[in-house]
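Asker: Quick one: the structure is below, questions incoming.
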Number of protein chains: 4
Amino acid sequence: MEYNLLKGKRGIIFGALNDMSIAWKVAEMAHEQGAVFTLTNTPVACRMGTLNDLSEKCNAPVIPADATNVADLEEVFAKSTELLGGKIDFVLHSIGMSLNVRKKRVYHDLDYNYLNKTLDISAISFHKMLQVAFKSNAINEWGSVVGLSYVAAQRSFYGYNDMADAKALLESIGRSFGYIYGREKKVRINTISQSPTMTTAGSGVKGFDGLMDFSERMSPLGNATAEECAGYCITMFSDLTRKVTMQNLFHDGGFSNVGMSLKAMTQYNKSFDTDEIDTMD
Amino acid sequence: MEYNLLKGKRGIIFGALNDMSIAWKVAEMAHEQGAVFTLTNTPVACRMGTLNDLSEKCNAPVIPADATNVADLEEVFAKSTELLGGKIDFVLHSIGMSLNVRKKRVYHDLDYNYLNKTLDISAISFHKMLQVAFKSNAINEWGSVVGLSYVAAQRSFYGYNDMADAKALLESIGRSFGYIYGREKKVRINTISQSPTMTTAGSGVKGFDGLMDFSERMSPLGNATAEECAGYCITMFSDLTRKVTMQNLFHDGGFSNVGMSLKAMTQYNKSFDTDEIDTMD
Amino acid sequence: MEYNLLKGKRGIIFGALNDMSIAWKVAEMAHEQGAVFTLTNTPVACRMGTLNDLSEKCNAPVIPADATNVADLEEVFAKSTELLGGKIDFVLHSIGMSLNVRKKRVYHDLDYNYLNKTLDISAISFHKMLQVAFKSNAINEWGSVVGLSYVAAQRSFYGYNDMADAKALLESIGRSFGYIYGREKKVRINTISQSPTMTTAGSGVKGFDGLMDFSERMSPLGNATAEECAGYCITMFSDLTRKVTMQNLFHDGGFSNVGMSLKAMTQYNKSFDTDEIDTMD
Amino acid sequence: MEYNLLKGKRGIIFGALNDMSIAWKVAEMAHEQGAVFTLTNTPVACRMGTLNDLSEKCNAPVIPADATNVADLEEVFAKSTELLGGKIDFVLHSIGMSLNVRKKRVYHDLDYNYLNKTLDISAISFHKMLQVAFKSNAINEWGSVVGLSYVAAQRSFYGYNDMADAKALLESIGRSFGYIYGREKKVRINTISQSPTMTTAGSGVKGFDGLMDFSERMSPLGNATAEECAGYCITMFSDLTRKVTMQNLFHDGGFSNVGMSLKAMTQYNKSFDTDEIDTMD
């Protein structure tokens with residue numbers, strides 16, 4: 001699908017780790033659509049090496065940076081502008097991490113230092129990135145910024161823990177800064193709320209397999225894949241969506257607006273077809 | 001719980017059929033809280049006789065009326081005002097019916113005459129009731145009107161059929177007329193979106209048992225009962241909620257804001273603990 | 001912007017009237033992007049003649065049809081499939097009309113025959129079109145259907161009258177049928193909630209100029225134009241958005257998520273810079 | 001209005017400062033309705049002295065505490081339980097503060113240490129309070145917790161700054177913990193999204209007068225006062241709303257669901273009745 005939808009556009013892609021990452025797929029597709037861009041991730045992630053494959057494939061320089069560090073972000077925008085030969089047209093924020101999840105601290109026993117880290121990495125980094133870009137005037141008029149989110153920002157999902165609150169904060173930052181950046185510089189900011197996706201990050205969430213299955217059966221079109229998410233991101237970076245801003249856009253095969261599907265209910269009802277007596281306690 | 005929350009208030013309750021009805025429970029509790037009111041339902045429903053028990057118990061006159069008929073509604077408001085000795089303070093709309101559901105016409109094979117009836121009975125009757133009340137100035141300042149709805153207005157539920165669209169229309173009418181009635185007469189209008197409830201109407205929906213179980217396990221507080229719904233209605237009729245209007249209020253044990261609960265997921269996962277090979281088609 | 005985004009795709013566009021119409025702009029852009037399609041509107045609208053200009057320009061046959069008439073709709077799908085040489089890939093529904101608005105019947109004095117017409121033309125026609133397409137299996141897998149809506153479906157706008165309820169019903173039908181059509185045939189259905197637009201229809205709404213100005217100042221990117229809306233529709237018809245379904249997508253320069261903007265507040269505050277004493281009654 | 005709605009109930013009220021505070025009004029009304037409770041605020045706020053008047057009037061002990069400090073919160077719950085003679089039935093969280101607002105750091109020039117404080121004080125304190133209560137099992141079954149919020153959590157309001165993000169986070173915490181606390185202990189958690197209120201905190205927001213006027217004219221019932229908010233809180237603490245949880249409840253005279261009102265539009269249009277030429281830039 002080479003439409004040249006992003007021909008002549010310059011971008012920055014945060015958060016590609018390996019070929020399961022949504023950000024990785026976005027990079028591949030942005031390249032295919034004629035964009036030039038830089039890639040950035042934490043120094044640790046960059047040292048792991050796989051990012052270099054993507055860098056070569058897309059002819060995209062890698063700039064290691066800690067997205068919670070303002071100075072690092074300043075460097076990302078300065079270098080990207082320099083390397084790509086002009087101001088930026090699109091930015092992808094695909095960053096999220098919870099130490100509470102990793103360390104198995106449940107939501108009613110959170111470690112508050114971990115919570116601060118969750119919010120800083122997964123949400124406040126979005127504000128920092130936008131503020132740095134805004135102050136250095138690094139994004140062109142009608143530029144487009146996308147952050148990746150999940151429906152747990154609206155509804156509680158067992159095991160998603162403090163990432164739910166981080167995503168709610170991320171989406172709010174998208175709206176708040178979207179108002180400012182739109183008003184002042186005609187830059188649009190949206191979040192895409194993606195189906196559960198079997199990335200390295202996703203697979204850390206408790207009971208992820210069951211959730212993926214339930215979500216698949218609840219969604220009339222099935223779960224959206226990382227590749228499909230990349231396609232949607234491309235449309236949001238293109239000139240065809242210039243007046244869409246401050247929105248949270250569900251890319252989930254319909255999941256967000258299904259209360260109960262035939263397929264999920266059929267599967268659910270199978271759970272009672274056994275000899276064991278079922279008690280709800 | 002005799003708080004006298006509705007002492008001195010006059011009301012009209014639409015839609016009580018038998019002691020499983022939410023409207024029935026609202027009548028009992030309104031009586032307990034010191035209100036006087038009339039009861040109304042279709043002539044057929046009134047002839048069935050059980051409504052007379054409620055009428056006696058609550059000392060509440062019954063006025064048969066077709067809620068889709070403007071002249072009948074005019075009579076309901078005129079007679080109620082006369083019988084109760086003054087203008088009305090609260091109104092409950094608990095009316096809904098789909099011939100498509102009854103006649104097993106699925107959503108992609110709707111009979112459009114039936115659809116018109118569904119919308120007329122389940123949603124437009126709400127507008128007619130409000131317009132009649134407004135034109136005859138039958139409701140006191142700071143009066144309160146509540147319509148009963150269901151979360152299918154926001155999310156698709158397998159088998160709920162054209163009632164989903166009727167509920168969406170009902171909620172929109174609540175907002176639209178709530179703006180007008182608030183501005184002109186300080187009357188508030190809200191809808192309460194109730195858990196699936198085992199009423200005579202509810203039990204007509206396909207696969208209702210499975211849905212009740214799923215909903216129970218998804219809701220951290222469990223499904224809300226008809227009695228509990230009555231309690232919530234009473235607070236909305238009381239003077240303590242005068243500035244709440246144009247809202248759709250979920251009364252569902254939390255269901256509306258849960259994406260996946262531990263209990264429902266645990267039950268769902270049991271469906272795979274069998275010998276049969278599961279294929280998703 | 002010739003990306004060939006719709007190359008090889010066949011469509012049906014309902015509701016183009018003149019070159020101010022959003023549907024007109026969608027037709028022009030779909031043509032530009034490589035699609036073939038038919039145009040349809042009421043027999044009266046077709047006789048007015050301007051549609052022929054569009055037809056010639058886009059090499060798109062015109063099929064007169066009353067969108068509330070199932071037989072007419074069957075003909076539209078049958079003829080379109082025949083004329084375009086295969087099943088349909090995309091459909092635009094841009095239809096709305098209220099006799100209550102036209103005849104200046106305010107919302108608390110609705111004529112119920114007019115209301116039935118409003119709902120039939122503006123919302124139920126969407127269901128009829130989808131049911132006809134579904135039964136005749138006229139849409140390809142991964143086809144895309146878009147209906148145009150307005151934020152009045154969520155929030156009350158003075159003067160928008162019963163069209164608010166019609167749009168709420170339209171959006172609900174989009175969700176309800178989106179679930180079914182997705183599950184059964186992988187077809188996606190969404191509504192786009194567009195800024196107030198100075199079309200022939202839009203200009204009929206009371207106080208439209210003031211609303212346009214307010215909306216312009218509230219929206220950080222300004223109101224979205226008909227052309228821009230066409231661009232967004234194109235992305236929704238393309239293969240890049242295959243997993244987006246059952247959504248209501250705001251295309252409004254950010255309006256829907258702004259509570260109060262600097263520009264609108266500044267303008268609003270000017271209203272007090274006068275000698276006259278302001279009293280709020 | 002002595003209904004004895006809270007007879008026999010024990011509570012904790014966070015955030016009363018002076019007789020303009022919503023928390024102050026909640027305390028007065030809770031006392032009137034038969035509840036016993038403790039009051040808590042920061043040591044600084046407690047030293048200012050006015051809180052003692054409320055304490056005497058309601059016979060409610062004051063416990064100074066920093067709501068961001070877990071040890072302080074543990075003391076609040078331990079002492080309250082001891083002083084009131086049993087477990088807690090209701091809690092009000094009415095706490096919010098932004099140093100970015102106070103120090104006039106605009107949203108695109110946030111100080112990130114201030115942002116962390118804003119989030120800690122205005123949102124994370126809600127989690128800390130709930131986690132402390134949960135771990136010490138300090139709240140009775142069917143207890144009720146309410147946090148106060150504002151519609152800026154959903155829509156951008158000029159000048160509300162990082163408090164918008166804090167309120168979004170607060171509401172998310174309400175949902176997330178509401179799921180857990182409901183599931184484990186039958187405790188319900190909701191947020192009430194209140195009209196702009198002329199409290200000491202509210203009056204710090206830039207351009208608050210204009211916003212109050214606009215909000216008043218947009219809301220069909222006018223802005224909700226602090227007293228009225230107290231009434232709504234009382235219903236949420238009562239036994240009549242036991243199955244309402246994880247909700248954000250708008251208490252705003254209808255504001256949240258109005259896009260444009262006749263009164264606000266009329267006032268807005270006056271801004272153009274001047275000699276000066278208006279240019280939108």
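In the structure tokens, each chain is lettered A, B, ... as it comes, each chain's residues begin at 1, and ligands are numbered from 1 in order of appearance.
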Enumerate as a list in words all residues of stretch 85-202 of chain A assigned to strand (DSSP E) by DSSP on the backbone, naming them with the chain letters and numbers the document uses.
Answerer: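 The strand (DSSP E) residues within stretch 85-202 of chain A come out as Ile88, Asp89, Phe90, Val91, Leu92, His93, Ile139, Asn140, Glu141, Trp142, Gly143, Ser144, Val145, Val146, Gly147, Leu148, Ser149, Ser156, Phe157, Arg188, Ile189, Asn190, Thr191, Ile192, Ser193 and Gln194 of chain A.
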Asker: Please tabulate, as CSV, the residues of stretch 144-247 of chain D that come within 9 Å of stretch 1-18 of chain D, each with its closest pair of atoms and the distance in Å to one decimal, counting only C-alpha atoms and ordering rows by chain, then residue number upward.
Answerer:
```
residue,atom,partner,partner_atom,distance
D:Thr199,CA,D:Asn18,CA,8.7
D:Thr200,CA,D:Asn18,CA,8.3
D:Ile234,CA,D:Leu6,CA,7.6
D:Thr235,CA,D:Leu5,CA,7.9
D:Phe237,CA,D:Leu6,CA,7.4
D:Ser238,CA,D:Leu6,CA,5.9
D:Asp239,CA,D:Leu5,CA,7.9
D:Leu240,CA,D:Leu5,CA,9.0
```
Asker: Could you produce a table of the residues of chain C lying within 6 Å of chain A, with the nearest pair of atoms per residue and their separation in Å rounded to one decimal, using only C-alpha atoms, ordered by chain and increasing residue number, as CSV?
Answerer:
```
residue,atom,partner,partner_atom,distance
C:Tyr3,CA,A:Tyr3,CA,4.8
C:Tyr179,CA,A:Pro220,CA,5.6
C:Gly182,CA,A:Pro220,CA,4.8
C:Arg183,CA,A:Pro220,CA,4.3
C:Lys186,CA,A:Leu221,CA,5.9
C:Pro220,CA,A:Arg183,CA,4.3
C:Leu221,CA,A:Gly182,CA,5.4
C:Ala224,CA,A:Lys243,CA,5.8
C:Gly231,CA,A:Leu240,CA,4.7
C:Tyr232,CA,A:Thr241,CA,5.4
C:Leu240,CA,A:Gly231,CA,4.7
C:Thr241,CA,A:Tyr232,CA,5.4
C:Lys243,CA,A:Gly253,CA,4.5
C:Val244,CA,A:His251,CA,5.1
C:Thr245,CA,A:Gly254,CA,5.0
C:Met246,CA,A:Gly254,CA,5.5
C:His251,CA,A:Val244,CA,5.1
C:Gly253,CA,A:Lys243,CA,4.5
C:Gly254,CA,A:Thr245,CA,5.0
```
Asker: The selected residues should be written to file as a CSV table (one decimal), in the first residue's frame (atoms: N, CA, C and O atoms).
Answerer:
```csv
chain,number,residue,atom,x,y,z
C,3,TYR,N,-3.6,10.2,-3.8
C,3,TYR,CA,-2.9,9.1,-3.2
C,3,TYR,C,-3.4,7.8,-3.8
C,3,TYR,O,-2.9,6.7,-3.4
C,179,TYR,N,-22.3,-3.7,15.1
C,179,TYR,CA,-22.0,-5.0,15.7
C,179,TYR,C,-22.4,-6.1,14.8
C,179,TYR,O,-21.6,-7.0,14.6
C,182,GLY,N,-20.4,-6.2,11.4
C,182,GLY,CA,-19.1,-6.6,11.6
C,182,GLY,C,-18.9,-8.1,11.9
C,182,GLY,O,-18.1,-8.8,11.3
C,183,ARG,N,-19.8,-8.5,12.8
C,183,ARG,CA,-19.7,-10.0,13.1
C,183,ARG,C,-20.0,-10.9,12.0
C,183,ARG,O,-19.3,-11.9,11.8
C,186,LYS,N,-17.8,-8.6,8.3
C,186,LYS,CA,-16.6,-7.8,8.4
C,186,LYS,C,-16.8,-6.4,7.8
C,186,LYS,O,-15.8,-5.8,7.4
C,220,PRO,N,-9.9,24.8,18.9
C,220,PRO,CA,-8.6,25.3,18.8
C,220,PRO,C,-8.1,25.3,17.3
C,220,PRO,O,-7.3,26.2,16.9
C,221,LEU,N,-8.6,24.4,16.5
C,221,LEU,CA,-8.2,24.4,15.1
C,221,LEU,C,-9.3,25.1,14.2
C,221,LEU,O,-9.2,25.1,13.0
C,224,ALA,N,-14.3,22.7,11.2
C,224,ALA,CA,-13.9,21.9,10.1
C,224,ALA,C,-14.8,22.2,8.9
C,224,ALA,O,-16.0,22.3,9.1
C,231,GLY,N,-12.1,14.7,3.4
C,231,GLY,CA,-10.8,14.1,3.6
C,231,GLY,C,-10.9,13.0,4.6
C,231,GLY,O,-10.4,11.9,4.5
C,232,TYR,N,-11.6,13.3,5.7
C,232,TYR,CA,-11.7,12.4,6.8
C,232,TYR,C,-12.5,11.2,6.4
C,232,TYR,O,-12.2,10.0,6.7
C,240,LEU,N,-6.9,1.6,5.4
C,240,LEU,CA,-6.0,1.9,6.6
C,240,LEU,C,-6.8,1.9,7.9
C,240,LEU,O,-6.2,2.1,9.0
C,241,THR,N,-8.1,1.8,7.8
C,241,THR,CA,-8.9,2.0,9.1
C,241,THR,C,-9.9,0.8,9.3
C,241,THR,O,-11.0,0.9,9.7
C,243,LYS,N,-10.1,-1.7,11.2
C,243,LYS,CA,-10.6,-2.2,12.5
C,243,LYS,C,-11.3,-1.1,13.3
C,243,LYS,O,-11.5,-1.3,14.5
C,244,VAL,N,-11.6,0.0,12.7
C,244,VAL,CA,-12.4,1.1,13.4
C,244,VAL,C,-13.9,0.8,13.1
C,244,VAL,O,-14.3,0.9,11.9
C,245,THR,N,-14.6,0.5,14.1
C,245,THR,CA,-16.1,0.3,13.8
C,245,THR,C,-16.9,0.7,15.1
C,245,THR,O,-16.4,0.7,16.2
C,246,MET,N,-18.2,1.0,14.8
C,246,MET,CA,-19.1,1.3,15.9
C,246,MET,C,-18.8,2.6,16.6
C,246,MET,O,-19.3,2.9,17.7
C,251,HIS,N,-15.1,15.3,14.2
C,251,HIS,CA,-14.3,16.0,13.2
C,251,HIS,C,-14.7,17.4,13.3
C,251,HIS,O,-15.6,17.9,12.6
C,253,GLY,N,-12.3,20.2,14.8
C,253,GLY,CA,-11.3,21.1,15.3
C,253,GLY,C,-11.1,21.1,16.8
C,253,GLY,O,-10.4,22.0,17.3
C,254,GLY,N,-11.6,20.2,17.4
C,254,GLY,CA,-11.5,20.0,18.9
C,254,GLY,C,-12.7,20.5,19.7
C,254,GLY,O,-12.7,20.3,20.9
```
Asker: Using only C-alpha atoms, which residues sit within 10 Å of B:Ala78 once same-chain residues fewer than 2 positions away are excluded, as a PDB file with C-alpha atoms, in the first residue's frame?
Answerer:
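Contents of result.pdb, as written:
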```pdb
ATOM      1  CA  ASP B  72     -54.855  10.081  27.186  1.00  0.00           C
ATOM      2  CA  LEU B  73     -51.773  11.757  28.618  1.00  0.00           C
ATOM      3  CA  GLU B  74     -53.634  15.038  28.956  1.00  0.00           C
ATOM      4  CA  GLU B  75     -56.228  13.186  30.975  1.00  0.00           C
ATOM      5  CA  VAL B  76     -53.586  11.582  33.170  1.00  0.00           C
ATOM      6  CA  SER B  80     -53.838  13.491  38.709  1.00  0.00           C
ATOM      7  CA  THR B  81     -53.664  17.184  39.497  1.00  0.00           C
ATOM      8  CA  GLU B  82     -57.299  17.140  40.444  1.00  0.00           C
ATOM      9  CA  LEU B  83     -57.219  13.944  42.505  1.00  0.00           C
ATOM     10  CA  GLY B  86     -52.290  20.272  43.225  1.00  0.00           C
ATOM     11  CA  LYS B  87     -49.510  20.277  40.667  1.00  0.00           C
ATOM     12  CA  VAL B 132     -48.345  17.502  27.727  1.00  0.00           C
ATOM     13  CA  ALA B 133     -47.071  18.362  31.207  1.00  0.00           C
ATOM     14  CA  SER B 136     -50.638  22.321  30.770  1.00  0.00           C
ATOM     15  CA  ALA B 138     -48.770  20.539  35.360  1.00  0.00           C
TER      16      ALA B 138
END
```
Asker: Using atom CA of C:Gly85 and atom CA of C:Ala27 as the two end points, give the distance in Å to one decimal.
Answerer: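 Computing it gives 18.3 Å between the two atoms.
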Asker: Could you pull out the alpha helix (DSSP H) residues of stretch 194-241 of chain D, going by DSSP on the backbone, and write them as a PyMOL selection string?
Answerer: chain D and resi 208-218+226-237
Asker: Fewer than 6 positions away in the same chain doesn't count, so skip those; otherwise give me all residues within 12 Å of C:Lys117, counting only C-alpha atoms, as a VMD selection string.
Answerer: (chain B and resid 116) or (chain C and resid 67 to 68 96 to 101 110 to 111 123 to 125 162 to 163 166)
Asker: Would you save the residues from that selection as a tab-separated table (two decimals), in the first residue's frame, using N, CA and C atoms?
Answerer:
```
chain	number	residue	atom	x	y	z
B	116	ASN	N	-41.26	1.38	14.45
B	116	ASN	CA	-41.97	2.62	14.79
B	116	ASN	C	-42.71	2.49	16.11
C	67	ALA	N	-34.84	7.62	0.39
C	67	ALA	CA	-34.07	6.79	1.32
C	67	ALA	C	-34.92	6.21	2.44
C	68	THR	N	-36.17	6.60	2.54
C	68	THR	CA	-37.05	6.00	3.56
C	68	THR	C	-37.86	4.85	2.98
C	96	GLY	N	-30.53	14.33	6.25
C	96	GLY	CA	-31.20	14.80	7.46
C	96	GLY	C	-32.19	15.89	7.14
C	97	MET	N	-33.32	15.88	7.80
C	97	MET	CA	-34.33	16.90	7.55
C	97	MET	C	-35.36	16.87	8.67
C	98	SER	N	-35.74	18.04	9.14
C	98	SER	CA	-36.78	18.14	10.16
C	98	SER	C	-37.85	19.12	9.73
C	99	LEU	N	-39.06	18.61	9.63
C	99	LEU	CA	-40.18	19.52	9.32
C	99	LEU	C	-40.50	20.39	10.52
C	100	ASN	N	-40.23	19.89	11.73
C	100	ASN	CA	-40.45	20.74	12.90
C	100	ASN	C	-39.57	21.98	12.84
C	101	VAL	N	-38.31	21.78	12.43
C	101	VAL	CA	-37.41	22.93	12.27
C	101	VAL	C	-37.93	23.84	11.16
C	110	LEU	N	-43.73	20.10	19.61
C	110	LEU	CA	-43.48	19.30	18.40
C	110	LEU	C	-44.79	18.80	17.81
C	111	ASP	N	-44.80	18.71	16.49
C	111	ASP	CA	-45.84	17.96	15.79
C	111	ASP	C	-45.32	16.52	15.66
C	123	ALA	N	-32.66	9.18	10.42
C	123	ALA	CA	-32.03	8.11	11.20
C	123	ALA	C	-32.44	6.71	10.72
C	124	ILE	N	-33.74	6.47	10.64
C	124	ILE	CA	-34.17	5.11	10.30
C	124	ILE	C	-33.75	4.75	8.87
C	125	SER	N	-33.65	5.76	8.01
C	125	SER	CA	-33.15	5.52	6.65
C	125	SER	C	-31.78	4.85	6.68
C	162	ASP	N	-35.60	18.70	17.20
C	162	ASP	CA	-35.69	17.24	17.17
C	162	ASP	C	-34.59	16.59	16.33
C	163	MET	N	-33.79	17.40	15.63
C	163	MET	CA	-32.64	16.82	14.93
C	163	MET	C	-31.63	16.24	15.92
C	166	ALA	N	-32.76	12.82	16.50
C	166	ALA	CA	-32.53	12.04	15.29
C	166	ALA	C	-31.06	11.62	15.19
```
Asker: Can you work out the spacing between atom CA of A:Asn59 and atom CA of A:Asp19 in Å, to one decimal?
Answerer: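 Atom-to-atom, atom CA of A:Asn59 to atom CA of A:Asp19, that is 16.1 Å.
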Asker: Identify, on the basis of only C-alpha atoms, every residue whose closest approach to D:Ala164 does not exceed 7 Å; exclude the query and any residue fewer than 3 positions from it along the same chain; express the result as number ranges by chain.
Answerer: D: 152-153, 160-161, 167-168
Asker: Near A:Gly259, within 8 Å and counting only C-alpha atoms, which residues show up once chain neighbours fewer than 5 positions away are dropped, as JSON, numbers by chain?
Answerer: {"B": [151, 152, 155, 156, 157, 158]}
Asker: Between A:Val146, A:Leu170, A:Ile192, A:Ile63, which one has atoms that come closest to A:Pro43, using only C-alpha atoms?
Answerer: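 The shortest atom-to-atom distance to A:Pro43 comes from A:Ile63.
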